[in-house]
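The data block below is data-v9.cif; it holds mmCIF, C-alpha atoms.
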```cif
data_final
#
loop_
_atom_site.label_atom_id
_atom_site.label_comp_id
_atom_site.auth_asym_id
_atom_site.auth_seq_id
_atom_site.Cartn_x
_atom_site.Cartn_y
_atom_site.Cartn_z
CA MET A 1 87.22 -64.97 -45.99
CA ALA A 2 86.04 -62.88 -43.12
CA GLY A 3 82.54 -64.25 -43.48
CA HIS A 4 83.90 -67.76 -43.47
CA ASN A 5 85.79 -67.04 -40.26
CA ASP A 6 82.66 -65.58 -38.72
CA SER A 7 80.66 -68.64 -39.58
CA SER A 8 83.29 -70.94 -38.11
CA VAL A 9 83.37 -68.85 -34.92
CA SER A 10 79.60 -68.91 -34.67
CA GLU A 11 79.64 -72.65 -35.24
CA LYS A 12 82.08 -73.01 -32.42
CA LYS A 13 79.88 -70.88 -30.18
CA SER A 14 76.77 -72.83 -31.04
CA SER A 15 78.53 -76.13 -30.40
CA GLN A 16 79.70 -74.80 -27.05
CA ALA A 17 76.14 -73.73 -26.27
CA VAL A 18 74.97 -77.22 -27.13
CA ASP A 19 77.59 -78.63 -24.80
CA ASP A 20 76.48 -76.33 -22.00
CA LEU A 21 72.85 -77.33 -22.27
CA PRO A 22 71.85 -80.12 -19.90
CA THR A 23 71.11 -83.21 -21.91
CA PHE A 24 68.79 -84.64 -19.28
CA SER A 25 65.58 -83.56 -17.63
CA VAL A 26 66.54 -81.57 -14.54
CA GLU A 27 63.07 -81.71 -12.98
CA ASN A 28 62.94 -85.50 -13.11
CA MET A 29 66.48 -85.58 -11.76
CA GLN A 30 65.44 -83.47 -8.75
CA ASN A 31 62.44 -85.75 -8.21
CA ASN A 32 64.76 -88.77 -8.16
CA MET A 33 67.11 -87.05 -5.72
CA LYS A 34 64.17 -86.28 -3.43
CA VAL A 35 63.16 -89.94 -3.50
CA ILE A 36 66.70 -90.96 -2.55
CA TYR A 37 66.83 -88.50 0.35
CA TYR A 38 63.54 -89.78 1.74
CA SER A 39 64.70 -93.40 1.53
CA ARG A 40 68.07 -92.74 3.13
CA THR A 41 66.72 -90.59 5.94
CA PHE A 42 64.03 -93.11 6.88
CA LEU A 43 66.45 -96.03 6.78
CA SER A 44 69.03 -94.11 8.85
CA ILE A 45 66.41 -93.59 11.54
CA ILE A 46 65.34 -97.24 11.44
CA GLY A 47 68.96 -98.40 11.46
CA GLY A 48 69.68 -96.18 14.44
CA VAL A 49 66.78 -97.68 16.39
CA ILE A 50 67.92 -101.21 15.54
CA ALA A 51 71.53 -100.47 16.53
CA GLY A 52 70.32 -99.05 19.82
CA ILE A 53 68.14 -102.06 20.60
CA LEU A 54 70.94 -104.48 19.73
CA GLY A 55 73.16 -102.59 22.14
CA PHE A 56 75.98 -101.60 19.83
CA THR A 57 78.51 -99.23 21.32
CA GLY A 58 81.41 -97.40 19.77
CA PHE A 59 82.78 -98.47 16.43
CA ALA A 60 80.39 -101.38 15.84
CA GLY A 61 77.48 -98.97 15.42
CA PHE A 62 79.23 -97.04 12.67
CA ILE A 63 80.08 -100.28 10.89
CA PHE A 64 76.39 -101.18 11.18
CA TYR A 65 75.52 -97.81 9.60
CA PHE A 66 77.84 -98.49 6.67
CA LEU A 67 76.20 -101.89 6.26
CA ILE A 68 72.69 -100.38 6.26
CA MET A 69 73.69 -97.75 3.71
CA ALA A 70 75.30 -100.37 1.47
CA ILE A 71 72.09 -102.41 1.54
CA THR A 72 70.12 -99.23 0.82
CA SER A 73 72.34 -98.45 -2.17
CA VAL A 74 71.79 -101.91 -3.56
CA GLY A 75 68.05 -101.53 -3.01
CA LEU A 76 67.98 -98.18 -4.77
CA MET A 77 69.92 -99.66 -7.67
CA ALA A 78 67.39 -102.47 -7.87
CA LYS A 79 64.63 -99.86 -7.82
CA ALA A 80 66.34 -98.11 -10.76
CA LYS A 81 66.38 -101.53 -12.49
CA PHE A 82 70.21 -101.43 -12.48
CA SER A 83 70.25 -98.89 -15.32
CA VAL A 84 71.53 -96.02 -13.19
CA HIS A 85 72.35 -93.70 -16.09
CA SER A 86 68.77 -93.49 -17.30
CA TYR A 87 67.69 -92.08 -13.90
CA PHE A 88 70.80 -90.26 -12.60
CA ASP A 89 73.75 -88.47 -14.15
CA SER A 90 76.41 -90.25 -12.12
CA TRP A 91 76.93 -93.16 -9.78
CA ASN A 92 77.71 -90.85 -6.84
CA ARG A 93 74.08 -89.76 -6.73
CA ILE A 94 72.91 -93.23 -5.82
CA ILE A 95 75.84 -94.27 -3.64
CA LEU A 96 76.99 -91.20 -1.71
CA ASP A 97 74.23 -88.58 -1.60
CA GLY A 98 72.54 -88.16 1.77
CA PHE A 99 75.25 -90.13 3.54
CA LEU A 100 76.40 -87.53 6.09
CA GLY A 101 72.93 -86.18 6.82
CA GLY A 102 71.79 -89.74 7.40
CA LEU A 103 74.74 -90.34 9.72
CA LEU A 104 73.58 -87.52 12.01
CA SER A 105 70.02 -88.92 12.18
CA PHE A 106 71.50 -92.36 12.78
CA VAL A 107 73.60 -91.24 15.75
CA LEU A 108 70.66 -89.34 17.23
CA PHE A 109 68.28 -92.31 17.12
CA TRP A 110 71.02 -94.77 18.06
CA THR A 111 71.72 -92.96 21.33
CA PHE A 112 67.99 -92.42 21.86
CA ALA A 113 67.07 -96.10 21.54
CA TYR A 114 70.14 -97.21 23.50
CA ASP A 115 69.23 -94.91 26.38
CA ILE A 116 65.62 -96.05 26.47
CA VAL A 117 66.35 -99.79 26.23
CA HIS A 118 69.62 -100.26 28.08
CA ILE A 119 70.07 -97.42 30.53
CA PHE A 120 66.66 -96.52 31.90
CA MET B 1 51.51 -95.82 -1.66
CA GLY B 2 48.92 -97.07 0.82
CA LEU B 3 50.26 -100.61 1.01
CA GLY B 4 53.87 -99.49 1.46
CA PHE B 5 52.84 -97.04 4.19
CA VAL B 6 50.97 -99.78 6.08
CA VAL B 7 53.99 -102.08 5.78
CA GLY B 8 56.23 -99.34 7.20
CA VAL B 9 53.88 -98.80 10.15
CA VAL B 10 53.85 -102.56 10.80
CA GLY B 11 57.66 -102.57 10.70
CA VAL B 12 57.87 -99.72 13.22
CA VAL B 13 55.39 -101.51 15.51
CA ILE B 14 57.49 -104.68 15.33
CA LEU B 15 60.61 -102.69 16.17
CA SER B 16 58.94 -101.08 19.18
CA HIS B 17 57.78 -104.50 20.36
CA ALA B 18 61.36 -105.75 20.04
CA ALA B 19 62.52 -102.80 22.14
CA TYR B 20 59.89 -103.62 24.78
CA SER B 21 60.98 -107.29 24.85
CA THR B 22 64.59 -106.21 25.32
CA ILE B 23 63.60 -103.96 28.24
CA GLN B 24 61.79 -106.92 29.86
CA TYR B 25 64.80 -109.16 29.23
CA ARG B 26 67.09 -106.64 30.90
CA SER B 27 64.86 -106.42 33.95
CA LEU B 28 64.83 -110.24 34.11
CA LEU B 29 68.63 -110.26 34.00
CA LYS B 30 68.69 -107.67 36.75
CA ILE B 31 66.58 -109.94 38.97
CA MET B 32 68.73 -112.98 38.18
CA GLU B 33 71.86 -110.84 38.67
CA GLU B 34 73.48 -111.79 35.38
CA GLU B 35 75.34 -109.63 32.89
CA PHE B 36 73.86 -108.55 29.54
CA SER B 37 75.82 -110.26 26.78
CA GLY B 38 73.46 -109.89 23.83
CA PRO B 39 69.78 -109.65 22.99
CA PRO B 40 67.78 -112.89 22.96
CA MET B 41 67.06 -114.76 19.76
CA ASN B 42 63.41 -113.73 19.31
CA VAL B 43 64.41 -110.06 19.57
CA VAL B 44 67.02 -110.51 16.84
CA VAL B 45 64.46 -112.20 14.60
CA GLU B 46 61.96 -109.39 15.24
CA LEU B 47 64.60 -106.78 14.47
CA LEU B 48 65.49 -108.45 11.18
CA LEU B 49 61.82 -108.71 10.25
CA GLY B 50 61.24 -105.05 11.10
CA LEU B 51 64.33 -104.04 9.14
CA VAL B 52 63.15 -105.91 6.04
CA LEU B 53 59.63 -104.42 6.26
CA CYS B 54 60.95 -100.89 6.79
CA MET B 55 63.44 -101.35 3.96
CA TRP B 56 60.63 -102.34 1.64
CA ALA B 57 58.55 -99.37 2.78
CA ALA B 58 61.45 -96.94 2.42
CA LEU B 59 62.09 -98.08 -1.13
CA THR B 60 58.47 -97.96 -2.30
CA VAL B 61 56.74 -95.12 -0.41
CA PRO B 62 58.68 -92.04 -1.65
CA GLY B 63 57.60 -92.61 -5.26
CA ASN B 64 59.02 -93.91 -8.48
CA PHE B 65 62.11 -92.75 -10.29
CA LEU B 66 61.43 -90.71 -13.42
CA SER B 67 63.63 -91.13 -16.44
CA ILE B 68 65.98 -88.20 -17.04
CA LYS B 69 66.63 -89.05 -20.67
CA LEU B 70 64.95 -86.58 -23.02
CA ASP B 71 64.11 -89.10 -25.72
CA THR B 72 62.03 -91.53 -23.71
CA ASP B 73 58.31 -91.84 -24.31
CA GLU B 74 57.10 -89.98 -21.24
CA ASN B 75 59.47 -87.03 -21.68
CA ARG B 76 58.92 -86.23 -25.37
CA MET B 77 55.41 -84.86 -25.17
CA VAL B 78 56.16 -82.80 -22.06
CA SER B 79 59.17 -80.94 -23.35
CA LEU B 80 57.63 -79.67 -26.58
CA PRO B 81 55.03 -77.20 -25.15
CA GLY B 82 57.61 -76.17 -22.58
CA ASN B 83 59.63 -74.59 -25.35
CA LEU B 84 57.99 -71.23 -26.23
CA ASP B 85 59.49 -71.21 -29.73
CA PHE B 86 57.14 -73.99 -30.73
CA MET B 87 53.93 -72.23 -29.68
CA ILE B 88 51.82 -71.46 -32.77
CA PHE B 89 48.79 -69.20 -32.55
CA ASN B 90 48.19 -68.44 -36.20
CA HIS B 91 47.46 -71.56 -38.17
CA ARG B 92 44.82 -72.97 -40.48
CA GLY B 93 43.06 -74.81 -37.71
CA LYS B 94 41.28 -71.62 -36.66
CA VAL B 95 39.11 -71.75 -39.78
CA PHE B 96 37.24 -74.66 -38.30
CA SER B 97 35.12 -73.81 -35.32
CA SER B 98 36.34 -75.88 -32.42
CA GLU B 99 34.60 -76.73 -29.22
CA MET B 100 36.80 -74.20 -27.46
CA ASP B 101 35.35 -71.38 -29.61
CA MET B 102 31.81 -72.52 -28.98
CA LYS B 103 32.41 -72.39 -25.28
CA LEU B 104 33.93 -68.93 -25.52
CA LYS B 105 30.97 -67.57 -27.55
CA ILE B 106 28.49 -68.88 -25.05
#
```

Could you spell out this file's structure in structure tokens?
Amino acid sequence: MAGHNDSSVSEKKSSQAVDDLPTFSVENMQNNMKVIYYSRTFLSIIGGVIAGILGFTGFAGFIFYFLIMAITSVGLMAKAKFSVHSYFDSWNRIILDGFLGGLLSFVLFWTFAYDIVHIF
Amino acid sequence: MGLGFVVGVVGVVILSHAAYSTIQYRSLLKIMEEEFSGPPMNVVVELLLGLVLCMWAALTVPGNFLSIKLDTDENRMVSLPGNLDFMIFNHRGKVFSSEMDMKLKI
């Protein structure tokens, strides 16, 4: 009886250990995240330059940033061949990650390009 | 890698040319004493072209996505030697002299 209980407990433990193990390749996941960060950062900079040249001020520039990031998300999904779960563990990775860091680069280059083109 | 990088450089050059055209347009407006309402049409076209080229570069240059599933073809062979429990040093293959042994003896 006691042995049976022990075995059931150990089974439980082993099943928990199996649950805790990551069921995807973490290294490849980090590689994919790095690719996404590069893409988003570069496109934030480019979007900032374009917004500055077009002369957006105030709220319109932020709307333009959202537009650029939406297009980038669609492009990244197309790059992942629309099977997101074979390259990432959740949708947030491809839609939200790198959003705020990109926003800071965007504002920096937006003001930079606007100053160069429209003020000086 | 190389092609995408060149496309990105071309996109950045197009964007800088668009910026230069806008600066010229503003100085023209200053001479004609008119107000700036929006960038001219050729600048908008250049900006769109540069955006598309840079978008293409940004999506191709950083590298390809690797599959995170453990049972795909490229991940199976990598994960087996990574697990130390599967390393076997004492097996019947050592009876046959391999090229590795010949190199070691020499």

(Q) I'd like to know which of B:Val9, B:Leu3, B:Ile14, B:Met55 is closest to chain A, using all atoms listed in the file. (A)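 The shortest atom-to-atom distance to chain A comes from B:Met55.
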
Q. What do you get, as a ChimeraX atom specification, if you spell out every residue that the PyMOL selection byres ((chain A) within 9 of (chain B)) selects here?
A. /A:23-29,31-36,38-43,46-47,49-50,52-55,72,75-76,79-80,85-89,113,116-118,120

Q: Between CA of Leu108 in chain A and CA of Thr57 in chain A, measure the distance and give it in Å to one decimal.
A: 13.3 Å

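The interatomic distance for the pair CA of Ile94 in chain A and CA of Phe56 in chain A works out to 27.2 Å.
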
Q: Could you tell me how far CA of Val13 in chain B lies from CA of Ala51 in chain A, in Å and to one decimal?
A: 16.2 Å

Q.
Please determine, counting all atoms listed in the file, which residue among B:Val45, B:Leu29, B:Met87, B:Leu53 has the shortest atom-to-atom distance to Val10 in chain B.
A.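 So, comparing all the options, the nearest one is B:Leu53.
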